[in-house]
file start-v3.cif (mmCIF, C-alpha atoms)
data_target
#
loop_
_atom_site.label_atom_id
_atom_site.label_comp_id
_atom_site.auth_asym_id
_atom_site.auth_seq_id
_atom_site.Cartn_x
_atom_site.Cartn_y
_atom_site.Cartn_z
CA MET G 1 -147.16 -5.02 -38.00
CA GLU G 2 -144.96 -2.12 -38.96
CA LEU G 3 -143.24 0.00 -36.35
CA GLU G 4 -145.14 3.16 -37.25
CA SER G 5 -148.54 1.51 -36.97
CA ALA G 6 -147.53 -0.09 -33.66
CA LYS G 7 -146.55 3.33 -32.32
CA THR G 8 -149.85 4.81 -33.44
CA LEU G 9 -151.78 2.00 -31.79
CA ALA G 10 -149.74 2.36 -28.58
CA MET G 11 -150.44 6.09 -28.55
CA ALA G 12 -154.17 5.50 -28.98
CA ILE G 13 -154.24 2.97 -26.15
CA ALA G 14 -152.16 5.14 -23.81
CA VAL G 15 -154.25 8.25 -24.39
CA GLY G 16 -157.52 6.32 -24.30
CA PHE G 17 -156.83 4.70 -20.95
CA GLY G 18 -155.16 7.86 -19.65
CA VAL G 19 -158.23 9.99 -20.33
CA LEU G 20 -160.70 7.44 -18.98
CA GLY G 21 -159.89 8.06 -15.30
CA PRO G 22 -159.90 11.87 -15.42
CA GLY G 23 -163.14 11.79 -17.41
CA ILE G 24 -164.82 9.78 -14.70
CA GLY G 25 -163.25 12.02 -12.05
CA VAL G 26 -164.53 15.21 -13.65
CA GLY G 27 -168.01 13.73 -13.81
CA LEU G 28 -167.93 12.77 -10.15
CA VAL G 29 -166.59 16.17 -9.09
CA ALA G 30 -169.25 18.04 -11.06
CA ALA G 31 -172.04 15.75 -9.85
CA SER G 32 -171.01 16.13 -6.22
CA ALA G 33 -170.70 19.90 -6.54
CA LEU G 34 -174.12 20.22 -8.16
CA GLU G 35 -175.65 18.01 -5.48
CA ALA G 36 -174.04 20.11 -2.75
CA ILE G 37 -175.26 23.34 -4.36
CA GLY G 38 -178.73 21.84 -4.70
CA ARG G 39 -178.79 21.04 -0.99
CA ASN G 40 -177.38 24.39 0.09
CA PRO G 41 -177.65 27.10 -2.60
CA GLU G 42 -176.13 29.74 -0.34
CA ALA G 43 -172.81 27.87 -0.38
CA ALA G 44 -172.50 28.00 -4.18
CA ASN G 45 -169.91 30.79 -3.98
CA LYS G 46 -167.67 28.54 -1.85
CA ILE G 47 -168.31 25.26 -3.69
CA GLN G 48 -167.93 26.44 -7.27
CA PRO G 49 -164.26 27.57 -7.11
CA LEU G 50 -163.29 24.33 -5.37
CA MET G 51 -165.13 22.38 -8.07
CA PHE G 52 -163.11 24.13 -10.76
CA VAL G 53 -159.85 23.40 -8.93
CA GLY G 54 -160.76 19.72 -8.76
CA ILE G 55 -161.64 19.67 -12.45
CA VAL G 56 -158.35 21.36 -13.35
CA PHE G 57 -156.32 18.78 -11.42
CA ALA G 58 -158.20 15.93 -13.08
CA GLU G 59 -157.71 17.42 -16.53
CA ALA G 60 -153.99 17.85 -15.83
CA LEU G 61 -153.76 14.07 -15.58
CA ALA G 62 -155.41 13.77 -18.99
CA ILE G 63 -152.86 16.19 -20.43
CA PHE G 64 -150.05 14.07 -18.97
CA ALA G 65 -151.54 11.02 -20.70
CA LEU G 66 -151.60 12.94 -23.97
CA VAL G 67 -147.94 13.92 -23.54
CA VAL G 68 -146.99 10.30 -22.84
CA GLY G 69 -148.88 9.28 -25.97
CA PHE G 70 -146.94 11.78 -28.08
CA ILE G 71 -143.67 10.60 -26.55
CA VAL G 72 -144.53 7.01 -27.45
CA LYS G 73 -145.48 7.96 -30.99
CA PHE G 74 -142.59 10.24 -31.88
CA THR G 75 -139.62 8.50 -30.24
#

call {"tool": "encode", "arguments": {"input": "start-v3.cif", "output": "structure tokens"}}
result
Amino acid sequence: MELESAKTLAMAIAVGFGVLGPGIGVGLVAASALEAIGRNPEAANKIQPLMFVGIVFAEALAIFALVVGFIVKFT
């Protein structure tokens, strides 16, 4: 296997596994928030901003995985 193809494969694996966890996390955060809003619709104004903060933190981990993938590929 050539070095360039090994780097591309390593990037794909790093980004794939790195995005798997945040993807599951975002799904759980959104599901829990929707369930909480369904149980208590009056609290939607308090739950929704916290849901977005949780989603942002989870997506930040996915962006870190993408950065690590680019570092692996281009160094």

call {"tool": "closest_residue", "arguments": {"input": "start-v3.cif", "among": "G:Phe74, G:Pro41, G:Ala31, G:Gly23", "to": "Val56 in chain G", "atoms": "only C-alpha atoms"}}
result
G:Gly23

call {"tool": "resolve_selection", "arguments": {"input": "start-v3.cif", "expression": "the PyMOL selection byres ((chain G and resi 8) around 12)", "output": "PyMOL selection string"}}
result
chain G and resi 1-7+9-15+69-75

call {"tool": "write_last_selection", "arguments": {"input": "start-v3.cif", "atoms": "C-alpha atoms", "output": "PDB file, keeping the file's coordinate frame"}}
result
ATOM      1  CA  MET G   1    -147.160  -5.020 -38.000  1.00  0.00           C
ATOM      2  CA  GLU G   2    -144.960  -2.120 -38.960  1.00  0.00           C
ATOM      3  CA  LEU G   3    -143.240   0.000 -36.350  1.00  0.00           C
ATOM      4  CA  GLU G   4    -145.140   3.160 -37.250  1.00  0.00           C
ATOM      5  CA  SER G   5    -148.540   1.510 -36.970  1.00  0.00           C
ATOM      6  CA  ALA G   6    -147.530  -0.090 -33.660  1.00  0.00           C
ATOM      7  CA  LYS G   7    -146.550   3.330 -32.320  1.00  0.00           C
ATOM      8  CA  LEU G   9    -151.780   2.000 -31.790  1.00  0.00           C
ATOM      9  CA  ALA G  10    -149.740   2.360 -28.580  1.00  0.00           C
ATOM     10  CA  MET G  11    -150.440   6.090 -28.550  1.00  0.00           C
ATOM     11  CA  ALA G  12    -154.170   5.500 -28.980  1.00  0.00           C
ATOM     12  CA  ILE G  13    -154.240   2.970 -26.150  1.00  0.00           C
ATOM     13  CA  ALA G  14    -152.160   5.140 -23.810  1.00  0.00           C
ATOM     14  CA  VAL G  15    -154.250   8.250 -24.390  1.00  0.00           C
ATOM     15  CA  GLY G  69    -148.880   9.280 -25.970  1.00  0.00           C
ATOM     16  CA  PHE G  70    -146.940  11.780 -28.080  1.00  0.00           C
ATOM     17  CA  ILE G  71    -143.670  10.600 -26.550  1.00  0.00           C
ATOM     18  CA  VAL G  72    -144.530   7.010 -27.450  1.00  0.00           C
ATOM     19  CA  LYS G  73    -145.480   7.960 -30.990  1.00  0.00           C
ATOM     20  CA  PHE G  74    -142.590  10.240 -31.880  1.00  0.00           C
ATOM     21  CA  THR G  75    -139.620   8.500 -30.240  1.00  0.00           C
TER      22      THR G  75
END

call {"tool": "atom_distance", "arguments": {"input": "start-v3.cif", "atom1": "CA of Leu34 in chain G", "atom2": "CA of Ile63 in chain G"}}
result
24.9 Å

call {"tool": "closest_residue", "arguments": {"input": "start-v3.cif", "among": "G:Leu20, G:Leu28, G:Ile37, G:Ala44", "to": "Leu66 in chain G", "atoms": "only C-alpha atoms"}}
result
G:Leu20

call {"tool": "atom_distance", "arguments": {"input": "start-v3.cif", "atom1": "CA of Val67 in chain G", "atom2": "CA of Val26 in chain G"}}
result
19.4 Å

call {"tool": "decode", "arguments": {"input": "start-v3.cif", "residues": "range 13-60 of chain G", "atoms": "N, CA and C atoms", "output": "tab-separated table (two decimals), in the first residue's frame"}}
result
chain	number	residue	atom	x	y	z
G	13	ILE	N	-10.94	6.56	8.47
G	13	ILE	CA	-11.23	5.83	9.70
G	13	ILE	C	-11.32	6.78	10.89
G	14	ALA	N	-10.38	7.73	10.97
G	14	ALA	CA	-10.38	8.67	12.10
G	14	ALA	C	-11.64	9.53	12.10
G	15	VAL	N	-12.00	10.04	10.95
G	15	VAL	CA	-13.20	10.90	10.88
G	15	VAL	C	-14.46	10.07	11.08
G	16	GLY	N	-14.49	8.87	10.52
G	16	GLY	CA	-15.67	8.02	10.67
G	16	GLY	C	-15.96	7.66	12.10
G	17	PHE	N	-14.93	7.21	12.82
G	17	PHE	CA	-15.13	6.88	14.23
G	17	PHE	C	-15.31	8.14	15.08
G	18	GLY	N	-14.67	9.24	14.67
G	18	GLY	CA	-14.78	10.48	15.44
G	18	GLY	C	-16.15	11.13	15.33
G	19	VAL	N	-16.86	10.87	14.27
G	19	VAL	CA	-18.19	11.46	14.07
G	19	VAL	C	-19.28	10.54	14.60
G	20	LEU	N	-18.96	9.29	14.81
G	20	LEU	CA	-19.94	8.32	15.28
G	20	LEU	C	-20.49	8.70	16.66
G	21	GLY	N	-19.62	9.00	17.60
G	21	GLY	CA	-20.04	9.35	18.95
G	21	GLY	C	-20.88	10.61	19.02
G	22	PRO	N	-20.39	11.72	18.42
G	22	PRO	CA	-21.22	12.93	18.44
G	22	PRO	C	-22.56	12.77	17.72
G	23	GLY	N	-22.59	11.95	16.67
G	23	GLY	CA	-23.86	11.71	15.98
G	23	GLY	C	-24.87	11.04	16.90
G	24	ILE	N	-24.41	10.05	17.64
G	24	ILE	CA	-25.29	9.39	18.61
G	24	ILE	C	-25.68	10.37	19.71
G	25	GLY	N	-24.73	11.18	20.15
G	25	GLY	CA	-25.00	12.16	21.21
G	25	GLY	C	-26.03	13.19	20.81
G	26	VAL	N	-25.92	13.68	19.58
G	26	VAL	CA	-26.89	14.67	19.11
G	26	VAL	C	-28.29	14.05	19.05
G	27	GLY	N	-28.36	12.81	18.61
G	27	GLY	CA	-29.66	12.13	18.56
G	27	GLY	C	-30.26	11.96	19.94
G	28	LEU	N	-29.44	11.59	20.90
G	28	LEU	CA	-29.94	11.43	22.27
G	28	LEU	C	-30.37	12.76	22.89
G	29	VAL	N	-29.59	13.81	22.63
G	29	VAL	CA	-29.94	15.13	23.17
G	29	VAL	C	-31.27	15.60	22.58
G	30	ALA	N	-31.42	15.48	21.27
G	30	ALA	CA	-32.65	15.94	20.63
G	30	ALA	C	-33.84	15.10	21.08
G	31	ALA	N	-33.65	13.79	21.19
G	31	ALA	CA	-34.76	12.93	21.62
G	31	ALA	C	-35.19	13.27	23.04
G	32	SER	N	-34.23	13.47	23.92
G	32	SER	CA	-34.57	13.81	25.31
G	32	SER	C	-35.26	15.16	25.40
G	33	ALA	N	-34.77	16.12	24.62
G	33	ALA	CA	-35.40	17.45	24.65
G	33	ALA	C	-36.83	17.40	24.12
G	34	LEU	N	-37.04	16.66	23.03
G	34	LEU	CA	-38.39	16.56	22.50
G	34	LEU	C	-39.33	15.82	23.45
G	35	GLU	N	-38.80	14.82	24.13
G	35	GLU	CA	-39.61	14.11	25.11
G	35	GLU	C	-39.98	15.03	26.28
G	36	ALA	N	-39.00	15.83	26.73
G	36	ALA	CA	-39.27	16.75	27.83
G	36	ALA	C	-40.28	17.83	27.42
G	37	ILE	N	-40.17	18.32	26.19
G	37	ILE	CA	-41.11	19.33	25.72
G	37	ILE	C	-42.50	18.70	25.55
G	38	GLY	N	-42.54	17.45	25.13
G	38	GLY	CA	-43.83	16.77	25.01
G	38	GLY	C	-44.51	16.58	26.35
G	39	ARG	N	-43.72	16.35	27.39
G	39	ARG	CA	-44.30	16.17	28.73
G	39	ARG	C	-44.71	17.50	29.36
G	40	ASN	N	-43.94	18.56	29.06
G	40	ASN	CA	-44.22	19.86	29.66
G	40	ASN	C	-44.00	20.95	28.60
G	41	PRO	N	-45.01	21.22	27.77
G	41	PRO	CA	-44.84	22.19	26.68
G	41	PRO	C	-44.52	23.61	27.15
G	42	GLU	N	-44.91	23.94	28.36
G	42	GLU	CA	-44.64	25.29	28.86
G	42	GLU	C	-43.15	25.53	29.10
G	43	ALA	N	-42.39	24.47	29.27
G	43	ALA	CA	-40.96	24.59	29.54
G	43	ALA	C	-40.12	24.61	28.27
G	44	ALA	N	-40.76	24.68	27.11
G	44	ALA	CA	-40.02	24.63	25.83
G	44	ALA	C	-39.03	25.80	25.72
G	45	ASN	N	-39.40	26.96	26.24
G	45	ASN	CA	-38.51	28.12	26.15
G	45	ASN	C	-37.25	27.94	26.99
G	46	LYS	N	-37.29	27.10	28.00
G	46	LYS	CA	-36.11	26.82	28.81
G	46	LYS	C	-35.32	25.63	28.28
G	47	ILE	N	-36.00	24.66	27.71
G	47	ILE	CA	-35.35	23.42	27.26
G	47	ILE	C	-34.64	23.63	25.93
G	48	GLN	N	-35.25	24.36	25.02
G	48	GLN	CA	-34.72	24.49	23.67
G	48	GLN	C	-33.32	25.12	23.62
G	49	PRO	N	-33.04	26.21	24.33
G	49	PRO	CA	-31.67	26.75	24.29
G	49	PRO	C	-30.63	25.79	24.86
G	50	LEU	N	-31.00	25.07	25.91
G	50	LEU	CA	-30.07	24.09	26.48
G	50	LEU	C	-29.83	22.94	25.51
G	51	MET	N	-30.86	22.58	24.76
G	51	MET	CA	-30.69	21.53	23.75
G	51	MET	C	-29.69	21.97	22.69
G	52	PHE	N	-29.80	23.20	22.25
G	52	PHE	CA	-28.87	23.70	21.23
G	52	PHE	C	-27.44	23.78	21.76
G	53	VAL	N	-27.28	24.13	23.02
G	53	VAL	CA	-25.93	24.16	23.62
G	53	VAL	C	-25.34	22.75	23.65
G	54	GLY	N	-26.14	21.78	24.02
G	54	GLY	CA	-25.67	20.39	24.03
G	54	GLY	C	-25.31	19.91	22.64
G	55	ILE	N	-26.10	20.28	21.65
G	55	ILE	CA	-25.80	19.88	20.27
G	55	ILE	C	-24.52	20.54	19.78
G	56	VAL	N	-24.32	21.79	20.15
G	56	VAL	CA	-23.10	22.50	19.72
G	56	VAL	C	-21.86	21.85	20.31
G	57	PHE	N	-21.91	21.47	21.58
G	57	PHE	CA	-20.75	20.82	22.19
G	57	PHE	C	-20.48	19.46	21.56
G	58	ALA	N	-21.51	18.73	21.23
G	58	ALA	CA	-21.32	17.44	20.57
G	58	ALA	C	-20.74	17.62	19.17
G	59	GLU	N	-21.22	18.60	18.44
G	59	GLU	CA	-20.70	18.83	17.10
G	59	GLU	C	-19.27	19.36	17.13
G	60	ALA	N	-18.88	20.04	18.21
G	60	ALA	CA	-17.49	20.48	18.32
G	60	ALA	C	-16.55	19.29	18.36
